[in-house]
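model14.txt follows (compact mmCIF, C-alpha atoms):
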```
# COMPACT_ATOMS: atom_id res chain seq x y z
CA MET Q 1 -19.79 -26.81 23.95
CA LYS Q 2 -20.45 -26.78 20.24
CA GLN Q 3 -19.34 -23.15 20.20
CA LEU Q 4 -15.96 -24.13 21.65
CA ASP Q 5 -15.45 -26.93 19.12
CA GLN Q 6 -16.23 -24.55 16.25
CA ILE Q 7 -14.06 -21.69 17.46
CA LYS Q 8 -10.99 -22.82 15.48
CA GLY Q 9 -12.84 -22.20 12.21
CA LYS Q 10 -13.93 -18.75 13.32
CA VAL Q 11 -10.52 -17.41 14.32
CA ALA Q 12 -8.28 -16.97 11.30
CA SER Q 13 -4.50 -16.88 11.45
CA VAL Q 14 -3.12 -13.33 11.08
CA GLU Q 15 0.04 -12.41 9.15
CA VAL Q 16 2.79 -10.59 11.02
CA SER Q 17 3.49 -7.02 9.92
CA PRO Q 18 6.68 -6.85 7.79
CA PHE Q 19 7.75 -3.78 9.80
CA LEU Q 20 8.01 -5.79 13.00
CA TRP Q 21 11.37 -7.30 12.03
CA THR Q 22 12.67 -3.80 11.20
CA ARG Q 23 11.51 -2.63 14.65
CA ILE Q 24 13.33 -5.53 16.33
CA GLN Q 25 16.49 -4.81 14.32
CA SER Q 26 16.51 -1.11 15.23
CA GLN Q 27 15.84 -1.96 18.90
CA LEU Q 28 18.84 -4.32 18.89
CA GLU Q 29 21.01 -1.65 17.23
CA THR Q 30 19.97 0.93 19.85
CA GLU Q 31 20.82 -1.54 22.62
CA GLU Q 32 24.19 -2.21 20.97
CA ILE Q 33 24.98 1.53 20.83
CA GLY Q 34 24.02 1.82 24.51
CA ASN Q 35 26.26 -1.14 25.41
CA ASN Q 36 29.17 0.34 23.42
CA ALA Q 37 28.74 3.71 25.13
CA TYR Q 38 28.75 1.97 28.52
CA ARG Q 39 31.87 -0.02 27.60
CA PHE Q 40 33.56 3.14 26.26
CA LYS Q 41 32.77 4.98 29.52
CA TRP Q 42 34.45 2.23 31.53
CA GLN Q 43 37.48 2.17 29.22
CA LEU Q 44 37.82 5.94 29.58
CA THR Q 45 37.58 5.69 33.38
CA LEU Q 46 40.27 2.98 33.42
CA ILE Q 47 42.59 5.04 31.20
CA ALA Q 48 42.08 8.11 33.44
CA LEU Q 49 42.89 5.99 36.52
CA VAL Q 50 46.10 4.67 34.94
CA VAL Q 51 47.13 8.23 33.95
CA VAL Q 52 46.50 9.49 37.51
CA MET Q 53 48.48 6.58 38.97
CA ILE Q 54 51.45 7.15 36.63
CA ASN Q 55 51.34 10.85 37.42
CA SER Q 56 51.35 10.32 41.20
CA TRP Q 57 54.15 7.79 40.88
CA GLY Q 58 56.15 10.29 38.82
CA ILE Q 59 55.62 13.03 41.40
CA MET Q 60 56.66 10.64 44.18
CA VAL Q 61 59.87 9.63 42.37
CA TYR Q 62 60.68 13.29 41.62
CA ARG Q 63 60.17 14.33 45.24
CA ARG Q 64 62.24 11.46 46.55
CA SER Q 65 65.16 12.31 44.24
CA ASN Q 66 64.87 15.99 45.23
CA ASN Q 67 64.97 15.04 48.90
CA GLN Q 68 68.03 12.90 48.30
CA ASN Q 69 69.75 15.80 46.53
CA ALA Q 70 68.83 18.18 49.33
CA ASN Q 71 70.13 15.70 51.91
CA SER Q 72 73.41 15.18 50.07
CA ASN Q 73 73.82 18.97 49.67
CA ALA Q 74 73.21 19.44 53.34
CA SER Q 75 75.73 16.76 54.30
CA THR Q 76 78.31 18.26 51.92
CA TYR Q 77 77.72 21.66 53.51
CA ILE Q 78 78.04 20.23 57.01
CA SER Q 79 81.24 18.34 56.18
CA THR Q 80 82.90 21.35 54.44
CA SER Q 81 81.91 23.73 57.20
CA THR Q 82 83.19 21.30 59.84
CA PHE Q 83 86.39 20.94 57.89
CA SER Q 84 86.87 24.72 57.69
CA MET Q 85 86.08 25.12 61.37
CA ILE Q 86 88.72 22.55 62.25
CA ARG Q 87 91.16 24.32 59.94
CA TYR Q 88 90.56 27.74 61.59
CA GLU Q 89 91.00 26.26 64.99
CA MET G 1 26.26 -7.36 17.77
CA SER G 2 28.04 -10.36 16.25
CA GLN G 3 26.88 -11.13 12.71
CA SER G 4 26.33 -14.87 13.37
CA LYS G 5 24.13 -14.20 16.43
CA PHE G 6 22.09 -11.78 14.38
CA GLN G 7 21.69 -14.30 11.55
CA ASP G 8 20.62 -16.92 14.12
CA LEU G 9 17.91 -14.57 15.37
CA ALA G 10 16.80 -13.79 11.82
CA SER G 11 16.28 -17.47 11.04
CA ILE G 12 14.50 -18.09 14.38
CA TYR G 13 12.23 -15.11 13.68
CA LYS G 14 11.43 -16.41 10.21
CA ALA G 15 10.46 -19.83 11.57
CA HIS G 16 8.54 -18.82 14.68
CA SER G 17 7.24 -15.25 14.39
CA LYS G 18 3.83 -16.11 12.92
CA TRP G 19 2.70 -18.52 15.62
CA VAL G 20 4.20 -16.36 18.38
CA PHE G 21 2.22 -13.35 17.11
CA ASN G 22 -1.02 -15.35 16.79
CA LEU G 23 -0.63 -16.91 20.23
CA ALA G 24 -0.07 -13.45 21.75
CA LEU G 25 -3.17 -12.26 19.88
CA HIS G 26 -5.31 -14.94 21.57
CA TYR G 27 -4.18 -13.65 24.96
CA LEU G 28 -4.21 -9.90 24.27
CA TRP G 29 -6.97 -9.46 21.60
CA SER G 30 -5.21 -6.46 20.06
CA LYS G 31 -2.85 -6.29 17.07
CA GLU G 32 -0.68 -3.50 18.54
CA ASP G 33 -0.27 -5.26 21.90
CA ALA G 34 0.49 -8.58 20.21
CA GLU G 35 3.17 -6.90 18.07
CA GLU G 36 4.73 -5.36 21.17
CA VAL G 37 4.82 -8.73 22.92
CA THR G 38 6.22 -10.46 19.81
CA GLN G 39 9.01 -7.87 19.67
CA ASP G 40 9.69 -8.41 23.37
CA VAL G 41 9.75 -12.21 22.91
CA PHE G 42 12.38 -12.08 20.15
CA LEU G 43 14.52 -9.59 22.07
CA LYS G 44 14.45 -12.00 25.03
CA VAL G 45 15.31 -14.90 22.69
CA HIS G 46 18.28 -12.89 21.38
CA HIS G 47 19.55 -12.08 24.87
CA GLN G 48 19.06 -15.60 26.25
CA LEU G 49 20.12 -17.57 23.18
CA SER G 50 23.56 -18.32 24.64
CA ASN G 51 21.85 -19.76 27.77
CA PHE G 52 19.55 -22.04 25.75
CA ARG G 53 21.00 -25.50 26.31
CA GLY G 54 18.77 -27.37 23.92
CA GLU G 55 17.36 -29.57 26.70
CA SER G 56 13.87 -28.72 25.47
CA GLN G 57 12.82 -27.96 21.92
CA MET G 58 13.28 -24.42 20.64
CA LYS G 59 9.50 -24.11 20.09
CA THR G 60 8.72 -25.16 23.69
CA TRP G 61 11.23 -22.63 24.98
CA ILE G 62 9.81 -19.80 22.85
CA TYR G 63 6.25 -20.86 23.78
CA ARG G 64 7.00 -20.43 27.49
CA ILE G 65 8.55 -16.99 26.87
CA THR G 66 5.49 -15.95 24.80
CA VAL G 67 2.90 -17.01 27.39
CA ASN G 68 4.83 -15.41 30.27
CA SER G 69 5.39 -12.20 28.29
CA SER G 70 1.70 -11.99 27.33
CA LEU G 71 0.52 -12.46 30.93
CA ASP G 72 3.13 -9.98 32.21
CA PHE G 73 1.98 -7.49 29.57
CA LEU G 74 -1.63 -7.82 30.75
CA LYS G 75 -0.59 -7.34 34.38
CA ALA G 76 1.52 -4.27 33.52
CA LYS G 77 -1.30 -2.77 31.47
CA LYS G 78 -3.74 -3.33 34.29
CA ARG G 79 -1.32 -1.76 36.78
CA THR G 80 -0.85 1.40 34.67
CA LYS G 81 -4.63 1.61 34.22
CA ARG G 82 -5.00 1.57 38.01
CA GLY G 83 -2.42 4.34 38.36
CA GLY G 84 0.64 2.26 39.24
CA GLY G 85 1.68 0.89 42.59
CA LEU G 86 1.47 -2.65 43.83
CA SER G 87 -2.01 -4.09 43.96
CA PHE G 88 -3.43 -7.57 44.08
CA PHE G 89 -5.72 -8.37 41.21
CA SER G 90 -6.63 -11.32 39.05
CA LEU G 91 -6.65 -11.47 35.29
CA ASN G 92 -10.27 -12.59 35.57
CA ASP G 93 -11.78 -9.20 36.31
CA ASP G 94 -9.54 -7.70 33.62
CA ALA G 95 -11.03 -10.05 30.99
CA SER G 96 -14.47 -8.51 31.32
CA GLU G 97 -13.13 -4.94 31.02
CA ARG G 98 -10.65 -5.24 28.12
CA GLN G 99 -11.62 -4.34 24.56
CA PHE G 100 -11.84 -7.21 22.09
CA ASN G 101 -10.14 -6.23 18.79
CA HIS G 102 -8.90 -9.59 17.53
CA PRO G 103 -8.04 -9.00 13.83
CA GLY G 104 -8.46 -12.71 13.00
CA VAL G 105 -12.15 -12.76 13.88
CA ASN G 106 -14.73 -12.01 11.20
CA ILE G 107 -17.39 -9.41 12.05
CA GLU G 108 -20.20 -11.98 11.69
CA HIS G 109 -18.63 -14.22 14.38
CA GLN G 110 -17.33 -11.33 16.50
CA GLU G 111 -19.95 -11.48 19.27
CA GLU G 112 -19.90 -15.25 19.66
CA VAL G 113 -16.09 -15.58 19.63
CA GLU G 114 -15.70 -12.59 21.96
CA ALA G 115 -18.05 -14.18 24.53
CA ILE G 116 -16.09 -17.47 24.49
CA MET G 117 -12.66 -15.80 24.55
CA ARG G 118 -13.67 -13.65 27.52
CA LYS G 119 -14.80 -16.74 29.42
CA ILE G 120 -11.62 -18.64 28.46
CA ALA G 121 -9.57 -15.71 29.84
CA MET G 122 -11.37 -16.10 33.17
CA LEU G 123 -10.27 -19.73 33.60
CA PRO G 124 -7.30 -20.77 35.75
CA LYS G 125 -3.97 -20.25 33.93
CA LYS G 126 -3.23 -23.88 32.94
CA GLN G 127 -6.81 -24.54 31.80
CA MET G 128 -6.74 -21.36 29.73
CA GLU G 129 -3.40 -22.34 28.16
CA SER G 130 -4.59 -25.83 27.25
CA LEU G 131 -7.85 -24.58 25.71
CA ILE G 132 -6.12 -21.87 23.66
CA LEU G 133 -3.61 -24.39 22.29
CA HIS G 134 -6.00 -27.28 21.70
CA LYS G 135 -9.25 -25.54 20.73
CA VAL G 136 -8.28 -22.13 19.37
CA GLU G 137 -4.89 -22.91 17.79
CA GLY G 138 -5.92 -26.45 16.86
CA TYR G 139 -2.91 -28.36 18.21
CA SER G 140 -3.41 -32.06 18.93
CA LEU G 141 -3.41 -33.33 22.51
CA ALA G 142 0.13 -34.65 22.12
CA GLU G 143 1.39 -31.36 20.67
CA THR G 144 -0.34 -29.39 23.44
CA ALA G 145 1.23 -31.70 26.04
CA ALA G 146 4.67 -31.28 24.48
CA LEU G 147 4.40 -27.48 24.39
CA MET G 148 3.14 -27.26 27.97
CA GLN G 149 5.65 -29.92 29.08
CA LEU G 150 2.93 -32.00 30.72
CA SER G 151 1.72 -35.56 30.16
CA ASN G 152 -1.13 -36.32 27.72
CA LYS G 153 -3.29 -37.48 30.62
CA THR G 154 -2.81 -34.22 32.51
CA ILE G 155 -3.75 -32.24 29.40
CA GLU G 156 -6.88 -34.35 28.93
CA GLY G 157 -7.83 -33.69 32.55
CA LEU G 158 -7.16 -29.97 32.20
CA ILE G 159 -9.30 -29.72 29.05
CA THR G 160 -12.19 -31.64 30.65
CA LYS G 161 -12.08 -29.35 33.68
CA ALA G 162 -11.79 -26.27 31.47
CA LYS G 163 -14.79 -27.35 29.37
CA LYS G 164 -16.87 -27.94 32.51
CA ASN G 165 -15.93 -24.53 33.95
CA LEU G 166 -16.55 -22.84 30.62
CA LYS G 167 -19.96 -24.46 30.27
CA GLU G 168 -20.98 -23.20 33.70
CA LYS G 169 -19.71 -19.70 32.91
CA LEU G 170 -21.45 -19.62 29.51
CA GLU G 171 -24.72 -20.87 31.02
CA SER G 172 -24.62 -18.26 33.78
CA HIS G 173 -23.82 -15.65 31.10
CA GLN G 174 -26.84 -16.78 29.04
CA ASP G 175 -29.00 -16.81 32.18
CA SER G 176 -27.99 -13.25 33.04
CA ASP G 177 -28.70 -12.20 29.43
CA LEU G 178 -32.14 -13.85 29.63
CA LEU G 179 -32.76 -12.14 32.96
CA ILE G 180 -31.82 -8.74 31.53
CA SER G 181 -34.04 -9.22 28.45
CA SER G 182 -36.99 -10.53 30.53
CA ASN G 183 -36.64 -7.55 32.90
CA TRP G 184 -36.61 -5.26 29.86
CA ILE G 185 -39.80 -6.91 28.48
CA ILE G 186 -41.53 -6.65 31.89
CA SER G 187 -40.58 -3.01 32.30
CA ASN G 188 -41.75 -2.25 28.76
CA GLU G 189 -45.05 -4.05 29.33
CA THR G 190 -45.78 -2.14 32.53
CA THR G 191 -45.07 1.27 30.93
```
Let me see the file written as structure tokens.
Amino acid sequence: MKQLDQIKGKVASVEVSPFLWTRIQSQLETEEIGNNAYRFKWQLTLIALVVVMINSWGIMVYRRSNNQNANSNASTYISTSTFSMIRYE
Amino acid sequence: MSQSKFQDLASIYKAHSKWVFNLALHYLWSKEDAEEVTQDVFLKVHHQLSNFRGESQMKTWIYRITVNSSLDFLKAKKRTKRGGGLSFFSLNDDASERQFNHPGVNIEHQEEVEAIMRKIAMLPKKQMESLILHKVEGYSLAETAALMQLSNKTIEGLITKAKKNLKEKLESHQDSDLLISSNWIISNETT
């Protein structure tokens, strides 16, 4: 076991490469860009959803008002024609 | 990335990178692999820093990440060597196949240190950890116990067991070497 007790003196401590920190930094930056792109994608999807919802709501309101107009026109027509029919009689 | 979080990581890296790299080297025996694991360790530290509650010391926390990352790296390397897929294997048989390129070992001691490191790598995980910390890195028993989060007595027991196992392995290694050389002499004498 002498070999084991002497091993500490035979294995020297090694310095870390100065480029390792640069590698870690660039890896973190790449991850950050990826995260931002992901976040941006979600934001874009949300905005598109809101636009679609507003659009459908607008179409619905427009159709409803058109229907109301058509209904009121029809009732006006019915009432005037009834009135004229009564008059001719 | 917030500037303060990045500065935190920079100061942690400055304080801990050297021992993390050297510890990974003792497990992986290759500068390139140890650099990859060190990078992985600090990325994990960066991601998990907000979860670190300070219940244990920062060094103990980073130590656990380093050992787990090194062992995972060895397993992944072994798996890719075998062509992927799930397979059951031990790190023991890997220790006899891997190349030994430890940059901290002088050429004159290369053979001797390589033989011991290979045998250490074949020990059970806890025994291997305690021997690397206490004998190779030179930490005291108390420091080893603190890093491994075990009691001093347990560490003493682990080191005694590890020494006994190592002695048996080294003796059988020497016996097989003697057997090979005696066979070679016999075969040479007969021819």
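Put simply, CA of Trp61 in chain G is 23.0 Å away from CA of Ser17 in chain Q.
Minimum distance to chain Q across G:Ile65, G:Leu150, G:Leu141, G:Val37 (counting only C-alpha atoms) occurs at G:Val37.
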Practice item. May I ask you to extract the residues of chain G within 9 Å of chain Q, using only C-alpha atoms, and to give them as a ChimeraX atom specification? Key: /G:1,6,10,13,17-19,21-22,25,35-36,38-40,42-43,46,102-106,109-110,112-113,116,135-138,163,166-167
Review point. What is the CA of Ser26 in chain Q to CA of Leu23 in chain G distance in Å?
Key: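 Distance between the two atoms: 23.8 Å.
Minimum atom-to-atom distance to Ser70 in chain G, evaluated using all atoms listed in the file, belongs to G:Ala24 out of G:Ala24, G:Phe52, G:Gln99, G:Ile107.
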Check your understanding: Rounded to one decimal in Å, what is the spacing between CA of Ile54 in chain Q and CA of Trp42 in chain Q?
Key ->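 If I compute the distance from CA of Ile54 in chain Q to CA of Trp42 in chain Q, I get 18.4 Å.
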Review point. Pick from G:Thr144, G:Gln57, G:Asn101, G:Ser30: nearest to Gln127 in chain G, with all atoms listed in the file counted?
Key: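 Among G:Thr144, G:Gln57, G:Asn101, G:Ser30, it is G:Thr144 that comes nearest to Gln127 in chain G.
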Review point. In terms of the shortest atom-to-atom distance over only C-alpha atoms, which of G:Leu123, G:Leu133, G:Met148, G:Leu74 is closest to Glu168 in chain G?
Key: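 Ranking G:Leu123, G:Leu133, G:Met148, G:Leu74 by distance to Glu168 in chain G, first place goes to G:Leu123.
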